[in-house]
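The structure file protein-v3.cif is reproduced below (mmCIF, C-alpha atoms).
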```cif
data_entry
loop_
_atom_site.group_PDB
_atom_site.id
_atom_site.type_symbol
_atom_site.label_atom_id
_atom_site.label_comp_id
_atom_site.auth_asym_id
_atom_site.auth_seq_id
_atom_site.Cartn_x
_atom_site.Cartn_y
_atom_site.Cartn_z
ATOM 1 C CA MET X 4 0.000 0.000 0.000
ATOM 2 C CA ILE X 5 2.731 2.440 0.846
ATOM 3 C CA LYS X 6 4.538 1.266 -2.222
ATOM 4 C CA GLN X 7 1.458 2.079 -4.324
ATOM 5 C CA ARG X 8 1.254 5.541 -2.793
ATOM 6 C CA TYR X 9 4.900 6.167 -3.570
ATOM 7 C CA LEU X 10 4.360 4.934 -7.091
ATOM 8 C CA LEU X 11 1.288 7.134 -7.383
ATOM 9 C CA LEU X 12 3.250 10.099 -6.009
ATOM 10 C CA LEU X 13 6.103 9.334 -8.406
ATOM 11 C CA PHE X 14 3.620 9.074 -11.271
ATOM 12 C CA VAL X 15 2.007 12.415 -10.310
ATOM 13 C CA MET X 16 5.455 14.057 -10.087
ATOM 14 C CA ILE X 17 6.473 12.686 -13.484
ATOM 15 C CA LEU X 18 3.129 13.731 -14.953
ATOM 16 C CA SER X 19 3.374 17.236 -13.473
ATOM 17 C CA THR X 20 6.988 17.523 -14.701
ATOM 18 C CA LEU X 21 5.939 16.489 -18.208
ATOM 19 C CA CYS X 22 3.005 18.919 -18.114
ATOM 20 C CA PHE X 23 5.323 21.681 -16.904
ATOM 21 C CA PHE X 24 7.813 21.076 -19.737
ATOM 22 C CA TYR X 25 5.027 20.707 -22.312
ATOM 23 C CA PHE X 26 3.324 23.984 -21.385
ATOM 24 C CA SER X 27 6.671 25.765 -20.957
ATOM 25 C CA THR X 28 7.766 24.620 -24.398
ATOM 26 C CA ASN X 29 4.473 25.737 -25.963
ATOM 27 C CA SER X 30 4.719 29.084 -24.215
ATOM 28 C CA ILE X 31 8.295 29.572 -25.393
ATOM 29 C CA LYS X 32 7.385 28.540 -28.971
ATOM 30 C CA THR X 33 4.553 31.073 -29.144
ATOM 31 C CA LYS X 34 6.825 33.772 -27.769
ATOM 32 C CA ILE X 35 9.530 32.859 -30.312
ATOM 33 C CA LYS X 36 6.937 33.041 -33.108
ATOM 34 C CA LYS X 37 5.831 36.439 -31.800
ATOM 35 C CA ILE X 38 9.461 37.627 -31.659
ATOM 36 C CA ASP X 39 10.039 36.346 -35.219
ATOM 37 C CA SER X 40 6.978 38.225 -36.461
ATOM 38 C CA TYR X 41 8.226 41.386 -34.711
ATOM 39 C CA ASP X 42 11.681 40.853 -36.266
ATOM 40 C CA GLU X 43 10.100 40.506 -39.713
ATOM 41 C CA ALA X 44 8.041 43.672 -39.187
ATOM 42 C CA ILE X 45 11.155 45.526 -37.998
ATOM 43 C CA LYS X 46 13.075 44.267 -41.042
ATOM 44 C CA VAL X 47 10.349 45.512 -43.415
ATOM 45 C CA GLU X 48 10.219 48.904 -41.693
ATOM 46 C CA GLN X 49 14.037 49.147 -41.714
ATOM 47 C CA GLU X 50 14.046 48.509 -45.477
ATOM 48 C CA LYS X 51 11.433 51.252 -45.902
ATOM 49 C CA LEU X 52 13.553 53.593 -43.785
ATOM 50 C CA ASN X 53 16.681 52.814 -45.824
ATOM 51 C CA SER X 54 14.760 53.434 -49.061
ATOM 52 C CA ALA X 55 13.449 56.708 -47.688
ATOM 53 C CA LYS X 56 16.994 57.774 -46.753
ATOM 54 C CA VAL X 57 18.265 56.995 -50.264
ATOM 55 C CA ILE X 58 15.372 58.884 -51.859
ATOM 56 C CA ASN X 59 15.942 61.797 -49.478
ATOM 57 C CA ASP X 60 19.636 61.952 -50.437
ATOM 58 C CA GLN X 61 18.755 61.887 -54.136
ATOM 59 C CA LEU X 62 16.126 64.580 -53.704
ATOM 60 C CA GLN X 63 18.588 66.740 -51.794
ATOM 61 C CA GLU X 64 20.992 66.471 -54.744
ATOM 62 C CA VAL X 65 18.202 67.419 -57.173
ATOM 63 C CA SER X 66 17.190 70.280 -54.889
ATOM 64 C CA LYS X 67 20.817 71.440 -54.775
ATOM 65 C CA VAL X 68 21.007 71.437 -58.593
ATOM 66 C CA ILE X 69 17.745 73.360 -58.878
ATOM 67 C CA MET X 70 18.746 75.910 -56.229
ATOM 68 C CA LEU X 71 22.115 76.472 -57.925
ATOM 69 C CA SER X 72 20.299 76.865 -61.258
ATOM 70 C CA MET X 73 18.010 79.657 -60.113
ATOM 71 C CA THR X 74 18.656 83.147 -61.423
ATOM 72 C CA ASN X 75 17.075 86.564 -61.723
ATOM 73 C CA GLU X 76 18.903 87.385 -64.971
ATOM 74 C CA LYS X 77 17.618 86.915 -68.515
ATOM 75 C CA GLU X 78 20.983 85.589 -69.738
ATOM 76 C CA PHE X 79 24.043 83.850 -68.376
ATOM 77 C CA ALA X 80 26.665 86.029 -66.727
ATOM 78 C CA ILE X 81 30.098 85.997 -68.361
ATOM 79 C CA GLU X 82 31.568 84.682 -65.091
ATOM 80 C CA ASP X 83 29.176 81.712 -65.153
ATOM 81 C CA VAL X 84 30.019 80.927 -68.785
ATOM 82 C CA ASN X 85 33.758 81.125 -68.088
ATOM 83 C CA ALA X 86 33.408 78.997 -64.945
ATOM 84 C CA PHE X 87 31.577 76.279 -66.892
ATOM 85 C CA VAL X 88 34.161 76.388 -69.685
ATOM 86 C CA ARG X 89 36.866 75.973 -67.000
ATOM 87 C CA GLN X 90 34.973 73.010 -65.535
ATOM 88 C CA LEU X 91 34.794 71.337 -68.961
ATOM 89 C CA ALA X 92 38.491 71.982 -69.572
ATOM 90 C CA ASP X 93 39.437 70.634 -66.133
ATOM 91 C CA LEU X 94 37.322 67.547 -66.740
ATOM 92 C CA ALA X 95 38.979 66.935 -70.104
ATOM 93 C CA ASP X 96 42.383 67.452 -68.482
ATOM 94 C CA LYS X 97 41.505 64.986 -65.722
ATOM 95 C CA TYR X 98 40.940 62.203 -68.275
ATOM 96 C CA LYS X 99 43.820 63.330 -70.541
ATOM 97 C CA ILE X 100 41.471 64.285 -73.365
ATOM 98 C CA SER X 101 42.783 66.771 -75.901
ATOM 99 C CA ILE X 102 40.413 69.617 -76.735
ATOM 100 C CA ASP X 103 40.217 70.750 -80.354
ATOM 101 C CA SER X 104 37.735 73.527 -79.698
ATOM 102 C CA LEU X 105 35.391 74.769 -77.014
ATOM 103 C CA SER X 106 32.994 77.577 -77.735
ATOM 104 C CA PRO X 107 29.999 78.963 -75.885
ATOM 105 C CA LYS X 108 27.028 80.196 -77.889
ATOM 106 C CA VAL X 109 24.143 82.325 -76.634
ATOM 107 C CA VAL X 110 20.759 80.816 -77.411
ATOM 108 C CA SER X 111 17.449 82.608 -77.204
ATOM 109 C CA SER X 112 14.934 80.440 -75.401
ATOM 110 C CA ASP X 113 11.287 80.121 -76.424
ATOM 111 C CA LYS X 114 10.334 79.630 -72.803
ATOM 112 C CA SER X 115 10.130 82.727 -70.662
ATOM 113 C CA TYR X 116 11.181 80.900 -67.496
ATOM 114 C CA LEU X 117 14.436 79.387 -68.864
ATOM 115 C CA VAL X 118 17.803 80.816 -69.805
ATOM 116 C CA GLU X 119 19.867 78.588 -72.076
ATOM 117 C CA GLN X 120 23.588 78.663 -72.799
ATOM 118 C CA GLU X 121 24.920 76.309 -75.453
ATOM 119 C CA TYR X 122 28.469 74.958 -75.649
ATOM 120 C CA THR X 123 30.159 73.151 -78.502
ATOM 121 C CA LEU X 124 33.089 71.008 -77.436
ATOM 122 C CA SER X 125 35.259 69.111 -79.890
ATOM 123 C CA VAL X 126 37.760 66.625 -78.434
ATOM 124 C CA VAL X 127 39.981 63.717 -79.436
ATOM 125 C CA CYS X 128 39.685 60.706 -77.152
ATOM 126 C CA THR X 129 39.104 56.962 -76.838
ATOM 127 C CA PHE X 130 35.708 55.453 -76.127
ATOM 128 C CA ILE X 131 36.751 54.787 -72.542
ATOM 129 C CA GLN X 132 37.770 58.412 -72.019
ATOM 130 C CA MET X 133 34.517 59.572 -73.608
ATOM 131 C CA GLY X 134 32.521 57.342 -71.233
ATOM 132 C CA GLN X 135 34.397 58.653 -68.218
ATOM 133 C CA PHE X 136 33.915 62.225 -69.417
ATOM 134 C CA LEU X 137 30.158 61.784 -69.936
ATOM 135 C CA SER X 138 29.769 59.995 -66.613
ATOM 136 C CA GLU X 139 31.392 62.830 -64.707
ATOM 137 C CA LEU X 140 29.622 65.483 -66.788
ATOM 138 C CA GLU X 141 26.367 63.911 -65.606
ATOM 139 C CA SER X 142 27.363 64.581 -61.987
ATOM 140 C CA PHE X 143 27.808 68.349 -62.497
ATOM 141 C CA ASP X 144 25.584 70.599 -60.384
ATOM 142 C CA HIS X 145 23.911 72.117 -63.449
ATOM 143 C CA ILE X 146 20.859 71.332 -65.525
ATOM 144 C CA ILE X 147 22.580 69.978 -68.642
ATOM 145 C CA LYS X 148 21.086 68.631 -71.852
ATOM 146 C CA LEU X 149 23.268 66.839 -74.381
ATOM 147 C CA ASN X 150 21.897 68.009 -77.745
ATOM 148 C CA THR X 151 24.331 66.262 -80.076
ATOM 149 C CA LEU X 152 27.035 63.637 -79.707
ATOM 150 C CA ASP X 153 28.979 63.102 -82.913
ATOM 151 C CA VAL X 154 31.695 60.402 -82.869
ATOM 152 C CA ARG X 155 34.032 59.866 -85.841
ATOM 153 C CA PRO X 156 37.210 57.780 -86.065
ATOM 154 C CA MET X 157 40.379 59.788 -86.631
ATOM 155 C CA LYS X 158 41.543 57.341 -89.313
ATOM 156 C CA GLU X 159 40.354 53.921 -90.366
ATOM 157 C CA ASP X 160 42.653 50.910 -90.497
ATOM 158 C CA LYS X 161 41.040 47.515 -90.909
ATOM 159 C CA THR X 162 44.159 45.541 -89.909
ATOM 160 C CA LYS X 163 44.195 46.560 -86.254
ATOM 161 C CA THR X 164 44.568 44.197 -83.317
ATOM 162 C CA PHE X 165 42.118 44.223 -80.397
ATOM 163 C CA ASP X 166 44.425 46.349 -78.216
ATOM 164 C CA GLU X 167 44.839 48.869 -81.015
ATOM 165 C CA ILE X 168 41.059 49.039 -81.464
ATOM 166 C CA ILE X 169 40.625 49.876 -77.755
ATOM 167 C CA ASP X 170 43.220 52.665 -78.062
ATOM 168 C CA THR X 171 41.675 54.054 -81.259
ATOM 169 C CA ARG X 172 41.184 57.787 -81.059
ATOM 170 C CA TYR X 173 37.941 59.410 -82.107
ATOM 171 C CA LYS X 174 36.989 62.965 -82.855
ATOM 172 C CA VAL X 175 33.983 63.601 -80.627
ATOM 173 C CA THR X 176 31.807 66.698 -80.832
ATOM 174 C CA PHE X 177 29.461 67.480 -77.973
ATOM 175 C CA GLU X 178 26.777 70.100 -78.284
ATOM 176 C CA LEU X 179 25.295 70.654 -74.865
ATOM 177 C CA SER X 180 23.026 73.188 -73.273
ATOM 178 C CA VAL X 181 23.104 74.437 -69.710
ATOM 179 C CA PHE X 182 19.878 75.848 -68.326
ATOM 180 C CA MET X 183 19.062 78.326 -65.604
ATOM 181 C CA ILE X 184 15.569 78.816 -64.225
ATOM 182 C CA ILE X 185 14.384 82.403 -63.897
ATOM 183 C CA LYS X 186 12.913 83.061 -60.464
ATOM 184 C CA GLU X 187 9.380 84.313 -60.385
ATOM 185 C CA ALA X 188 8.981 87.776 -58.952
#
```

Target format structure tokens, applied to this file:
Amino acid sequence: MIKQRYLLLLFVMILSTLCFFYFSTNSIKTKIKKIDSYDEAIKVEQEKLNSAKVINDQLQEVSKVIMLSMTNEKEFAIEDVNAFVRQLADLADKYKISIDSLSPKVVSSDKSYLVEQEYTLSVVCTFIQMGQFLSELESFDHIIKLNTLDVRPMKEDKTKTFDEIIDTRYKVTFELSVFMIIKEA
């Protein structure tokens, strides 16, 4: 009889231990699932925040370009034209591009809210140099439109090796316009 009571007590202890571990495990699993769902929600919100930061940075750059392109004048100032010509020359110098000619040309705009200044730039370069030049020109803090891009080989030789083709020089003519926005009174 005492033996049965001890066995019953042992059985109740084992049963209560199993119940304790079962319910503890279920409780922990539900909490882990809840934590995982919170982690997933945090991850989604973090991605949205990162996207918003990237968009904000891009918009600040666009805003900077627009603010620098605002003017009260009806035409470009000589200092602005000379500064842009210097920037083009420095950029060509940076990539060791020889300049044949660089000339600004005043353009009358049909739109009353824009001032346009056109530049014609003729250079001799390789395709790689031209790509580097255009890539950096794109990063200027001006509103720039590339009107014409004319690329012609300096001389044709059909017996060139691959390395000679890569180093082939081209006469490239860029016609580009720089715009300023006239502020409203």

Atom CA of Val65 of chain X and atom CA of Asn85 of chain X, how far apart in Å? 23.4 Å

Minimum-distance residue to Glu141 of chain X, chosen among X:Leu91, X:Val126, X:Met16, X:Leu117 (using only C-alpha atoms):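 Looking only at the distances to Glu141 of chain X, the closest residue turns out to be X:Leu91.
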
For a quick check of understanding, using all atoms listed in the file, which of X:Ile131, X:Val181, X:Leu10, X:Val68 has the smallest distance to Val118 of chain X?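 Of X:Ile131, X:Val181, X:Leu10, X:Val68, the one nearest Val118 of chain X, counting all atoms listed in the file, is X:Val181.
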
If we count all atoms listed in the file and set the cut-off at 7 Å, which residues sit around Met157 of chain X, ignoring sequence neighbours fewer than 6 positions away in its own chain? Please answer as a list in words. Arg172, Tyr173 and Lys174 of chain X

Would you translate the PyMOL selection byres ((chain X and resi 133) around 12) into the concrete set of residues it matches in this file, as a PDB file with C-alpha atoms, keeping the file's coordinate frame?
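Wrote it out as out05.pdb, contents follow:
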```
ATOM      1  CA  LEU X  94      37.322  67.547 -66.740  1.00  0.00           C
ATOM      2  CA  ALA X  95      38.979  66.935 -70.104  1.00  0.00           C
ATOM      3  CA  LYS X  97      41.505  64.986 -65.722  1.00  0.00           C
ATOM      4  CA  TYR X  98      40.940  62.203 -68.275  1.00  0.00           C
ATOM      5  CA  LYS X  99      43.820  63.330 -70.541  1.00  0.00           C
ATOM      6  CA  ILE X 100      41.471  64.285 -73.365  1.00  0.00           C
ATOM      7  CA  SER X 101      42.783  66.771 -75.901  1.00  0.00           C
ATOM      8  CA  SER X 125      35.259  69.111 -79.890  1.00  0.00           C
ATOM      9  CA  VAL X 126      37.760  66.625 -78.434  1.00  0.00           C
ATOM     10  CA  VAL X 127      39.981  63.717 -79.436  1.00  0.00           C
ATOM     11  CA  CYS X 128      39.685  60.706 -77.152  1.00  0.00           C
ATOM     12  CA  THR X 129      39.104  56.962 -76.838  1.00  0.00           C
ATOM     13  CA  PHE X 130      35.708  55.453 -76.127  1.00  0.00           C
ATOM     14  CA  ILE X 131      36.751  54.787 -72.542  1.00  0.00           C
ATOM     15  CA  GLN X 132      37.770  58.412 -72.019  1.00  0.00           C
ATOM     16  CA  GLY X 134      32.521  57.342 -71.233  1.00  0.00           C
ATOM     17  CA  GLN X 135      34.397  58.653 -68.218  1.00  0.00           C
ATOM     18  CA  PHE X 136      33.915  62.225 -69.417  1.00  0.00           C
ATOM     19  CA  LEU X 137      30.158  61.784 -69.936  1.00  0.00           C
ATOM     20  CA  SER X 138      29.769  59.995 -66.613  1.00  0.00           C
ATOM     21  CA  GLU X 139      31.392  62.830 -64.707  1.00  0.00           C
ATOM     22  CA  LEU X 140      29.622  65.483 -66.788  1.00  0.00           C
ATOM     23  CA  LEU X 152      27.035  63.637 -79.707  1.00  0.00           C
ATOM     24  CA  ASP X 153      28.979  63.102 -82.913  1.00  0.00           C
ATOM     25  CA  VAL X 154      31.695  60.402 -82.869  1.00  0.00           C
ATOM     26  CA  ASP X 170      43.220  52.665 -78.062  1.00  0.00           C
ATOM     27  CA  THR X 171      41.675  54.054 -81.259  1.00  0.00           C
ATOM     28  CA  ARG X 172      41.184  57.787 -81.059  1.00  0.00           C
ATOM     29  CA  TYR X 173      37.941  59.410 -82.107  1.00  0.00           C
ATOM     30  CA  LYS X 174      36.989  62.965 -82.855  1.00  0.00           C
ATOM     31  CA  VAL X 175      33.983  63.601 -80.627  1.00  0.00           C
ATOM     32  CA  THR X 176      31.807  66.698 -80.832  1.00  0.00           C
ATOM     33  CA  PHE X 177      29.461  67.480 -77.973  1.00  0.00           C
TER      34      PHE X 177
END
```

Selection: 6 Å around segment 71-81 of chain X, only C-alpha atoms, excl. self and same-chain fewer than 2 positions, as a VMD selection string: chain X and resid 68 to 69 83 to 84 118 183 to 186

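Taking atom CA of Phe182 of chain X and atom CA of Glu119 of chain X as endpoints, the distance between them is 4.6 Å.
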
Between X:Ala44, X:His145, X:Leu124, X:Lys36, smallest distance to Ile102 of chain X by all atoms listed in the file belongs to X:Leu124

Can you work out the spacing between atom CA of Thr28 of chain X and atom CA of Tyr9 of chain X in Å, to one decimal?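 Separating atom CA of Thr28 of chain X from atom CA of Tyr9 of chain X is a distance of 28.0 Å.
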
Considering all atoms listed in the file, return as a ChimeraX atom specification whatever protein or nucleic-acid residues lie within 7 Å of Tyr122 of chain X, sequence-local ones (same chain, fewer than 3 positions apart) excluded. /X:106-108,178-180

Could you check which of X:Thr123, X:Ser19, X:Ser66, X:Ser142 is closest to Leu105 of chain X, using only C-alpha atoms?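 Answer, going by the shortest atom-to-atom distance: X:Thr123.
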